[in-house]
Amino acid sequence: MDEPTLWQRPVSRRGFVAAAGIAALAAASGGRLTRDAFAAGDAGVLRYYNWAGYVNPKTYTDFTKATGITVKKSFYVSNEALLAKLKAGARGYDLAVPTGYMVAILADEKLLEPIDWSKLPTVKKTIDAKFRKLPFDPQDKWSVPKDWGTTGFMYRTDKIKERPTTWKQFFGLFKKYPKKFTVLDGSPEVIGSTLVMLGHSYNSDSPGELDAARKFLLDLKPYVHSIDSTTYKQKVAGGKAYGALGWNGDGAYVVSHTKGKAEYVVASEGGEFWVDSYVIPTGAENPAAAHSWIDFVYKPATNVQETSYTYYGSPLKRALFGTVPGSKPLLANDDVFPAPKTLAKLEANNISPKGTRLRERIWTEFKSA
Amino acid sequence: MRRRRGEGRAGAGGPRYPGWLALPAILWWAFFFVGPLAIMAALSFGEVSGYADVAFTWNLGNYRYLWDPLYGEIFLRTFELAVIGTGVTLLIGFPFAYYLARYAKNKTFLLFLVIVPFWTSFLIRTYSWLIILDPDFPLFRALGLSDAVGRLDLLYTTKAIYIGVAYNYLPLMVLPLYAALERMDWTLVEAAEDLGDGPLRAFRRVTLPLVLPGVLAGSLLVFIPLTGEFLIPAILGGERTFFVGNLIAQQFGEARDWPFGASISMVIVGAMTIAMLLYARLLSRQEQFGG
């Protein structure tokens with residue numbers, strides 16, 4: 001009985017369908033309501049708009065104890081939902097955590113306030129230089145990295161004999177074990193990983209390459225257990241599925257909840273590398289509190305506490321991170337901190353608007369097949 | 001509901017109210033129904049520009065894009081879901097409502113049981129089926145049924161979607177049916193039987209025509225929301241089966257293609273309008289016979 005019971009299940013970084021419905025309702029009710037729902041202009045409150053289950057609950061109480069600022073939480077299920085909400089005029093959020101490509105889009109859409117680095121002394125001291133000036137924010141003007149990770153696959157070592165290391169081998173298992181493998185409910189990840197397997201870019205918008213990915217996926221569809229971004233880690237940890245296309249944090253979760261009878265793999269052909277970053281949405285009423293939060297979680301001890309909860313990589317200098325008790329097993333965990341040579345092959349999501357429409361049609365066909 | 005054409009305005013004998021009393025209702029309707037619908041219609045002729053903006057280009061591009069066997073199949077599948085879902089809830093709901101209205105002793109309690117599920121969120125009720133349809137559900141295990149249920153292979157299939165639909169929509173069917181059957185004057189049936197009709201014939205010639213408006217009302221209450229259903233397929237179908245509702249949700253969410261989503265919605269609105277007109281016709285004909 002190593003399957004976590006339903007009420008203990010932490011929700012995935014990418015949230016859950018239930019929240020999608022609620023978010024849709026909230027979006028429908030419009031931005032003005034959101035502003036009113038919060039006590040406007042209260043300097044003692046941080047309004048944090050985030051992925052569900054992406055902060056260690058202890059960090060909230062630690063932060064309030066240290067600063068006197070209370071955190072009001074609300075959640076989104078996808079980068080696109082965050083964009084839709086802000087685009088529709090929702091105001092009053094002080095802090096949000098989109099993925100890199102969405103930071104660029106939000107900045108383009110003038111939906112962000114600039115970061116004031118003079119208010120981030122701890123960050124300046126502790127951040128690893130390679131997380132400065134990332135391609136989606138070359139001036140470090142709009143964002144501060146929170147976590148980073150990879151999109152790969154996981155499988156149960158006790159359920160199958162194979163030891164897949166490539167996308168080709170992984171997708172091959174779908175036919176060998178029908179309806180025992182899940183894929184993420186996201187077109188960039190599933191289509192992108194297929195493109196990488198076929199030798200193309202994760203971000204390709206070439207119709208010919210996308211058509212090849214489409215054919216492959218339609219052929220794969222009958223063997224897919226489910227298309228799931230939210231509960232797949234429980235399915236694999238509980239043995240209902242033998243493996244999944246998913247994120248490294250969820251992979252590390254499965255490994256730790258099966259007492260090591262699972263493996264997370266960054267495919268040798270490549271795949272996605274992502275960075276989620278703190279941003280301050282336009283109309284934030286308490287940007288000072290947002291800066292306090294960012295600076296607070298960059299304290300090495302707090303940061304280790306966060307990583308031990310999310311299982312996603314930390315942007316801190318390794319040496320500093322390593323001084324904190326309890327950080328050693330995390331640093332040694334190749335799923336949380338993959339080797340540099342693994343990372344070298346990965347690409348960040350950078351899909352053009354044209355590619356998005358082509359992909360959405362393929363995605364509809366895949367789900368509909 | 002006995003009003004006929006031409007009697008629409010306050011009847012000659014009835015009290016007269018000043019017309020402006022309707023103003024709040026009309027404003028409400030214009031602001032919250034006509035307005036959004038007009039925005040949606042306008043959107044459907046636009047196109048996406050850049051990542052999240054809409055350009056009002058006033059062309060039929062989205063409708064042309066929708067004219068594609070892939071989307072045709074999704075529309076047909078949705079229609080099938082709505083028809084079968086309505087049929088199944090009617091088949092289960094009618095005998096129950098009939099029993100409830102005609103024979104049941106503890107009507108209040110049974111009606112209460114029909115309404116109780118509404119006290120919990122639709123979402124939670126649907127999620128709970130994930131546990132029930134799982135072969136490892138403790139009850140199945142205790143009864144030694146786990147293997148049998150496992151062979152049925154319910155979870156994340158179309159079967160699971162239909163179970164979820166039948167369960168969630170049943171009260172919407174039962175309540176109007178019950179309301180219609182409750183108003184039945186059963187002595188009419190007795191009279192028909194006294195005059196030589198068998199029970200089946202009496203049902204067909206007396207009961208059915210009298211409760212038909214209830215049947216139609218219940219069917220519409222189930223049919224119309226089913227054409228936009230997306231949560232049950234998403235949860236119980238494991239996102240493996242796609243309906244129009246899921247397609248619309250995808251366009252407004254992940255795909256960021258509001259104009260295309262709007263055009264799909266407009267097609268559904270059009271189809272539903274036709275269905276409603278047919279319903280109104282059926283009903284008026286019914287009243288000519290039944291009234």
# chains A, B, ... in the order shown; residues from 1 in each chain; ligands from 1
call {"tool": "closest_atom_pairs", "arguments": {"of": "chain A", "to": "chain B", "cutoff": "7 Å", "atoms": "only C-alpha atoms", "output": "CSV"}}
result
residue,atom,partner,partner_atom,distance
A:Ala18,CA,B:Leu123,CA,6.6
A:Glu80,CA,B:Glu254,CA,5.4
A:Ala81,CA,B:Gly253,CA,6.0
A:Ser226,CA,B:Gly238,CA,5.0
A:Ile227,CA,B:Glu239,CA,5.4
A:Asp228,CA,B:Gly238,CA,6.8
A:Pro353,CA,B:Tyr51,CA,6.0
A:Thr356,CA,B:Ala255,CA,6.9
A:Glu360,CA,B:Ala255,CA,6.2
A:Glu365,CA,B:Leu70,CA,6.7
A:Lys367,CA,B:Arg240,CA,5.4
A:Ser368,CA,B:Phe242,CA,4.7
call {"tool": "write_last_selection", "arguments": {"atoms": "C-alpha atoms", "output": "tab-separated table (two decimals), in the first residue's frame"}}
result
chain	number	residue	atom	x	y	z
A	18	ALA	CA	-11.34	21.31	-10.79
A	80	GLU	CA	-2.32	30.35	-20.72
A	81	ALA	CA	-4.90	30.70	-17.95
A	226	SER	CA	-4.94	8.74	-20.19
A	227	ILE	CA	-3.99	12.29	-21.05
A	228	ASP	CA	-3.26	13.74	-17.66
A	353	PRO	CA	1.84	31.88	-32.92
A	356	THR	CA	0.50	27.19	-31.97
A	360	GLU	CA	-3.75	22.90	-31.60
A	365	GLU	CA	-7.11	15.33	-33.52
A	367	LYS	CA	-7.47	13.83	-28.22
A	368	SER	CA	-10.40	13.15	-30.52
call {"tool": "select_by_dssp", "arguments": {"residues": "segment 165-338 of chain A", "states": "strand (DSSP E)", "output": "MDAnalysis selection string"}}
result
chainID A and resid 181:183 224:227 243:247 262:265 272:278 280:281
call {"tool": "residues_around", "arguments": {"residues": "Pro213 of chain B", "least_positions_apart": "4", "cutoff": "10 Å", "atoms": "only C-alpha atoms", "output": "ChimeraX atom specification"}}
result
/B:176-177,180,208-209,217-219,279,282-284,286-287
call {"tool": "write_last_selection", "arguments": {"atoms": "C-alpha atoms", "output": "PDB file, in the first residue's frame"}}
result
ATOM      1  CA  PRO B 176     -39.911  18.053 -14.660  1.00  0.00           C
ATOM      2  CA  LEU B 177     -41.273  14.556 -15.300  1.00  0.00           C
ATOM      3  CA  ALA B 180     -45.973  16.750 -14.999  1.00  0.00           C
ATOM      4  CA  LEU B 208     -48.416  10.135 -22.439  1.00  0.00           C
ATOM      5  CA  PRO B 209     -50.133  13.046 -24.235  1.00  0.00           C
ATOM      6  CA  ALA B 217     -38.991  19.950 -20.797  1.00  0.00           C
ATOM      7  CA  GLY B 218     -36.861  17.296 -19.103  1.00  0.00           C
ATOM      8  CA  SER B 219     -35.320  16.280 -22.403  1.00  0.00           C
ATOM      9  CA  TYR B 279     -39.642  22.300 -29.421  1.00  0.00           C
ATOM     10  CA  LEU B 282     -44.121  20.493 -30.903  1.00  0.00           C
ATOM     11  CA  LEU B 283     -45.467  22.101 -27.760  1.00  0.00           C
ATOM     12  CA  SER B 284     -48.014  24.278 -29.521  1.00  0.00           C
ATOM     13  CA  GLN B 286     -49.462  19.336 -28.317  1.00  0.00           C
ATOM     14  CA  GLU B 287     -51.585  22.025 -26.735  1.00  0.00           C
TER      15      GLU B 287
END
call {"tool": "residues_around", "arguments": {"residues": "Thr70 of chain A", "least_positions_apart": "4", "cutoff": "10 Å", "atoms": "only C-alpha atoms", "output": "ChimeraX atom specification"}}
result
/A:43-47,60-61,63-65,289
